[in-house]
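Visitor: Here it is: the structure, laid out below.
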Amino acid sequence: MKTLHKWKWHKLVLFIFFPMVVVAILITQGCYSVRISNVNGVPEPNPVNFEEGYYRGKAVMTIDTTVNLRLLENEVMVLETCPEGCFQTIEYRVTLGDVLLSGITFGKLRKIRVKYVCLKESNE
Amino acid sequence: MADTKTFFIGQWDTFHNNGPFPTKVIYDLQLERPESMPSVIDRYNDAASEVQQLIQDCLNHNERFRAYGSGWSLSEIAHQQDRMLYTGRMNLKKTIEQDEMHTFSTLKNDDLFFFECGTTIKEVSEFLFTHGKSLKTSGASNGQTIAGGISTGIHGSAFDVGAFQDSVAGLNLIIGPGQNDNVYIERHTQPALNDDFAKKIKSRVIRNDGLFYAALVGLGSFGFIHGVVIETENLFLLKRYTFKIKPEMALKLGETLNFRDSDFKVPAELDADGKGKRPYHYKVYINPYNKAEDYVIEIIYKKDYRPDYPNPIPGIKKAVYKDLSTWIAKFAEKHSRLIPKFIGALKGQIFPALDTEVEGTLKEIFWDTTHKGPAFAFTFGIDISDTRKALDLFIKVVNQEGPIPGAMALRFVKASKATLAFTRFPMTCILEMDGILWKGNGNMISIEDIQKKLIQAFFNAGIKFTIHWGKNAAWSFPGLLDYMYGNNDDIWKDYRSALLTKQMADLFSNDFLNRVNLSDYRVNAPKNLVSSLL
């Protein structure tokens, strides 16, 4: 009885928990972001942004939307304005769900998740 | 008109999470748009009027006022619990023309630039680059504002150059809300700009070495620094090498800075006699928990500028998980004996890569850094002849009382003439430990207690020292200020009291100034201390 109990426990780990962990890792890794930063640029500040990490003290703008394309449309361009005319940082994020959404709608529904920081006004 | 947003914030924190500190109001001053007011000087004067109105409003409500920039200091020097003015958008900048130079100045107008207080070191460097110029030195990174960097005495390790404030040629201070409360201060022995320039920025001129050097490292309490005249030099390149060498050799170089007669040689940096050239910068990295380990050194040589050098900034930069430092701090608090293992395991992240050669401008070699979680830094200044004694003592204390989660470094800077410069020894060795901020508990000493232990140990050993104004320390330690500065704190207080009214001296004070015993006002300070001597 004791051996059977032990065997069941091992089976539970092997066939339930382990696959769950693998799937969780895959989902996490399938969701990533990439940041492009201007080497010489100084970011627009936000003195009351106390978030941890790269964006601390920076004025962060966020685009989080889903665009629905018509049959003959194939490109999306998001138009934004920066006072100094340039971006200092752009970060795009892709999740497994976003890729699946685009896949099952043949590219007609596109989830856009972008963070950006403008260049600080130079005041020369 | 410049426009100020008001945030009733409740609490404020430094860039490195050393707070939070209770704070009523943050002001965020936005300059007038250039399309509405094209002249830089007009916009500068417009911002000055706005600052004076904010000061008047503080006076009307009997509240204190403090300007701050990037908030990079780890001490609470930038904090003020009533009203804080964020200066980061006040970044006007201009070249200096020949007709703005003082007749007796020996400086060249091409080398001088005028920057508004909130211009960051990076912005300064970018602006100078477009004019073929460079700062003479900077800190290890570039995010501080120019006024914050000067006020706290930031430094690199350009040992023959000095600290950042030593390049300042003039200071424009707002010392109250009235018309007569806008002053432009220079040295009388080295004037830079003429009275016409001061008139343009609606200032009265005081040329007085004593006042200039007292106000230079003013700890944010000599008035509101609105603008700064900086002396620069022609663009140059820095060639950076990293090596691992024996501790004995690294320390001997630090104690003497004699690279000519040392057995340590960089093959590509020898003179015609085969002797070592004098470097621009020398830094030693030390793991305080492994005596047997060799030290990593960073040595940088100055070169003529040429445009065809390889880009020193990597195209892709990776970073560790941003919560890693928090996890390490929590783990360290529970298992402090494992800290040395952590330091050993994270050497690759903490110390620079070995046996590398990189070439770039000052702004590229000391480039951006990002927020990496709560951080602490202990930074002592000592005479280079005490380097070994102080290092041994520091390591002994952190091993006996700790361990604590940090690694050490030594840097070297020549003396500054600023009255309260912490780089005050003929050649100062900057002995520092940087690391992850932690909270003490039954298993681990608190940061406050280790700060006291370190100061007490230096007192007991009779080692003369100073502490970087922007770093963590037991600032209330009895007798600390007199031990560090002798009579210089009295000189500083006299000049401050002569320049400011009692009401304004109080308005520009904060808890940090009270803690270090610098806020008291000398009613009888001689007024001739602030006379213009030229």
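Every chain in the structure tokens has a letter given in the order shown (A, B, ...), and although residue numbers restart at 1 in each chain, ligands are simply numbered from 1 in the order shown.
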Write out as a VMD selection string all residues of range 154-248 of chain B that DSSP puts in strand (DSSP E or B) for this structure's backbone.

Guide: chain B and resid 168 to 174 182 to 186 193 204 to 207 224 to 231 233 to 234 236 to 245

Visitor: Report as number ranges by chain the set of chain A residues whose atoms approach chain B to within 6 Å, with distances computed over only C-alpha atoms.

Guide: A: 53-54, 123-124

Visitor: Please, could you write that set of residues out with C-alpha atoms as a PDB file, in the first residue's frame?

Guide:
ATOM      1  CA  GLY A  53      14.492  49.391 -13.164  1.00  0.00           C
ATOM      2  CA  TYR A  54      15.270  51.013 -16.495  1.00  0.00           C
ATOM      3  CA  ASN A 123      17.031  73.813 -24.938  1.00  0.00           C
ATOM      4  CA  GLU A 124      20.129  75.088 -26.718  1.00  0.00           C
TER       5      GLU A 124
END

Visitor: I want to know what sits within 10 Å of Ser134 in chain B, based on only C-alpha atoms, with residues of the same chain fewer than 2 positions away left out; could you give that as a VMD selection string?

Guide: chain B and resid 111 124 to 132 136 to 137 231 to 237 361 to 363

Visitor: Set the distance at 6 Å and use only C-alpha atoms: which residues neighbour range 38-44 of chain A once local chain neighbours fewer than 3 positions away are removed? I'd like the list as a PyMOL selection string.

Guide: chain A and resi 58-59+88+118-120

Visitor: Of the candidates A:His10, A:Tyr116, A:Val99, A:Cys31, which shows the shortest atom-to-atom distance to Val78 in chain A, using only C-alpha atoms?

Guide: A:Tyr116

Visitor: Need to verify the contact set: Pro310 in chain B, 10 Å, only C-alpha atoms, exclusion of same-chain residues closer than 2 positions in sequence. Can you return it as a list in words?

Guide: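 The filter keeps Pro307, Asp308, Pro312, Ile313, Val358, Glu359 and Gly360 of chain B.
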
Visitor: Write down as number ranges by chain the residues of range 293-462 of chain B whose backbone DSSP state falls under helix (DSSP H, G or I).

Guide: B: 324-334, 336-345, 347-350, 362-365, 384-401, 447-461
